[in-house]
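A short write-up of the structure that comes next.
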Amino acid sequence: GEDNVFPHHECEIAQSVGAGVGEFARIWMHARHLLVDGQKMAKSKGTFFTIKDLIERGFQGYEIRYSLISNHYRQPMNFTLEGLEGEAKAVSRLRVLREKLETVADEDFGRDQELLESLDSTRQAFDACIDDDLNLSGALGVLHERTRLLGRELPRGVAAGDALEFLRHCDEILGVLFVEEVVAEDTLSGEQQSWIDQREAARENREWDLADSLRDQLKEAGILVEDGPDGPTWTRIR
């Protein structure tokens with residue numbers, strides 16, 4: 001991060017060069033600070049999440065990665081769960097298109113030369129953004145514009161294969177389109193099970209406000225709890 005520029009990394013360069021190692025690194029990239037809900041990360045304020053926390057809330061690793069790379073590293077990033085949910089929908093649209101293209105790529109349709117040239121132009125625009133100080137947000141904008149066009153008139157056969165090759169080229173850098181989705185196990189984390197147990201105890205004690213609060217807490221974590229004659233049941237909603 002940016003707080004390592006001085007004195008840590010400057011000192012490391014001086015030590016390495018002084019010890020005869022030579023150039024320590026050709027490129028140094030320092031990201032700006034990551035905020036959560038507009039504040040510095042702090043467990044005491046509830047503004048601290050680990051990757052494990054987010055996965056337990058039902059998010060996929062590629063959704064988290066997409067969210068993090070959508071912000072330029074030279075700009076501070078304000079992370080929110082609402083923002084992550086929106087970015088999860090954005091990357092989902094890209095992956096749905098990829099799946100559609102894979103479905104029709106084996107059909108008996110030839111190459112579309114006009115599409116091929118257009119894809120090459122888009123590839124160059126995508127690469128230009130990457131070469132421009134790792135402008136990933138700009139590259140994602142180029143990608144989304146192209147996929148909107150592909151979605152309106154889905155190419156088939158060889159043309160679909162060409163479109164998939166374009167997506168693979170982009171994903172060599174992005175790493176979010178062709179990674180497999182992790183199917184959540186039909187189990188709860190220890191913390192989530194504890195919330196369900198606490199809620200059931202609150203209902204037995206007729207502490208309705210506490211029970212409602214715990215139900216909302218579970219829903220925010222991606223767990224929908226429904227009460228029935230045989231006790232509560234739960235399902236994952238994301």
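In the structure tokens, each chain is lettered A, B, ... as it comes, each chain's residues begin at 1, and ligands are numbered from 1 in order of appearance.
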Output as an MDAnalysis selection string all residues of segment 3-234 of chain A that backbone DSSP marks as strand (DSSP E). chainID A and resid 34:36 77:79 223:228 231:234
Output as a count of residues only all residues of segment 15-79 of chain A that backbone DSSP marks as alpha helix (DSSP H). 19
Once you count only C-alpha atoms, what closest atom pair and distance in Å to one decimal does each residue of segment 108-220 of chain A within 10 Å of segment 62-71 of chain A have, with rows by chain and rising residue number, as JSON lines?
```
{"residue": "A:Leu134", "atom": "CA", "partner": "A:Ile69", "partner_atom": "CA", "distance": 9.9}
{"residue": "A:Asn135", "atom": "CA", "partner": "A:Asn71", "partner_atom": "CA", "distance": 8.7}
{"residue": "A:Leu136", "atom": "CA", "partner": "A:Ser70", "partner_atom": "CA", "distance": 6.2}
{"residue": "A:Ser137", "atom": "CA", "partner": "A:Ser70", "partner_atom": "CA", "distance": 4.8}
{"residue": "A:Gly138", "atom": "CA", "partner": "A:Ser70", "partner_atom": "CA", "distance": 8.6}
{"residue": "A:Ala139", "atom": "CA", "partner": "A:Ser70", "partner_atom": "CA", "distance": 9.1}
{"residue": "A:Leu140", "atom": "CA", "partner": "A:Ser70", "partner_atom": "CA", "distance": 7.3}
{"residue": "A:Gly141", "atom": "CA", "partner": "A:Ser70", "partner_atom": "CA", "distance": 9.4}
{"residue": "A:Leu174", "atom": "CA", "partner": "A:Tyr66", "partner_atom": "CA", "distance": 7.6}
{"residue": "A:Gly175", "atom": "CA", "partner": "A:Tyr62", "partner_atom": "CA", "distance": 7.3}
{"residue": "A:Val176", "atom": "CA", "partner": "A:Tyr62", "partner_atom": "CA", "distance": 4.9}
{"residue": "A:Leu177", "atom": "CA", "partner": "A:Tyr62", "partner_atom": "CA", "distance": 7.9}
{"residue": "A:Phe178", "atom": "CA", "partner": "A:Tyr62", "partner_atom": "CA", "distance": 9.4}
{"residue": "A:Val179", "atom": "CA", "partner": "A:Tyr62", "partner_atom": "CA", "distance": 7.3}
{"residue": "A:Glu180", "atom": "CA", "partner": "A:Tyr62", "partner_atom": "CA", "distance": 8.8}
{"residue": "A:Glu181", "atom": "CA", "partner": "A:Tyr62", "partner_atom": "CA", "distance": 8.1}
{"residue": "A:Val182", "atom": "CA", "partner": "A:Tyr62", "partner_atom": "CA", "distance": 9.7}
```
Give me a file of those residues, with C-alpha atoms, as a compact mmCIF listing (two decimals), in the first residue's frame.
```
# COMPACT_ATOMS: atom_id res chain seq x y z
CA LEU A 134 -2.94 -0.74 -15.50
CA ASN A 135 -6.26 1.00 -16.14
CA LEU A 136 -8.40 -2.03 -15.32
CA SER A 137 -11.58 -0.01 -14.84
CA GLY A 138 -11.19 1.32 -18.39
CA ALA A 139 -10.48 -2.19 -19.68
CA LEU A 140 -13.64 -3.48 -17.98
CA GLY A 141 -15.61 -0.67 -19.63
CA LEU A 174 -8.87 -10.38 -15.24
CA GLY A 175 -9.13 -13.96 -13.98
CA VAL A 176 -12.90 -13.84 -13.38
CA LEU A 177 -14.64 -15.32 -16.44
CA PHE A 178 -13.39 -18.88 -16.78
CA VAL A 179 -12.73 -19.83 -13.16
CA GLU A 180 -15.12 -22.42 -11.79
CA GLU A 181 -17.84 -21.43 -9.37
CA VAL A 182 -17.47 -22.94 -5.92
```
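Candidate residues A:Asp53, A:Glu23, A:Asp3, A:Asp131 were compared for distance to Gly222 of chain A, and the nearest is A:Asp53, using only C-alpha atoms.
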Minimum-distance residue to Ala90 of chain A, chosen among A:Gln75, A:Gln124, A:Gln39, A:Thr147 (using only C-alpha atoms):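 Nearest candidate to Ala90 of chain A out of A:Gln75, A:Gln124, A:Gln39, A:Thr147: A:Thr147.
For the atom pair formed by atom CA of Ala31 of chain A and atom CA of Leu84 of chain A, the distance is 19.0 Å, given to one decimal.
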Find, counting only C-alpha atoms, the residue in A:Asp37, A:Glu207, A:Asp216, A:Glu114 that gets nearest to Ala159 of chain A.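 Of the candidates, the smallest distance to Ala159 of chain A is held by A:Glu114.
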Excluding segment 6-8 of chain A and any residue of its chain fewer than 6 positions from it, enumerate the residues within 12 Å of it, using only C-alpha atoms, and give them as a VMD selection string. chain A and resid 14 to 15 30
Counting only C-alpha atoms, what is within 10 Å of Val5 of chain A, bar same-chain residues fewer than 5 positions away, as an NGL selection string? :A and (10-11 or 28-30)
Dump of C-alpha atoms for the selected residues, as a PDB file, in the first residue's frame:
```pdb
ATOM      1  CA  GLU A  10      12.860   3.298  -0.220  1.00  0.00           C
ATOM      2  CA  CYS A  11      14.982   1.727   2.524  1.00  0.00           C
ATOM      3  CA  TRP A  28       6.924  -0.575  -7.878  1.00  0.00           C
ATOM      4  CA  MET A  29       3.138  -0.254  -7.618  1.00  0.00           C
ATOM      5  CA  HIS A  30       1.560   1.103  -4.468  1.00  0.00           C
TER       6      HIS A  30
END
```
Separation of atom CA of Gln113 of chain A and atom CA of His169 of chain A, in Å? 18.6 Å
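Every protein or nucleic acid residue with an atom no more than 8 Å from segment 227-238 of chain A, counting only C-alpha atoms and leaving out same-chain residues fewer than 6 positions away, appears here: Arg57, Gly58, Phe59 and Glu200 of chain A.
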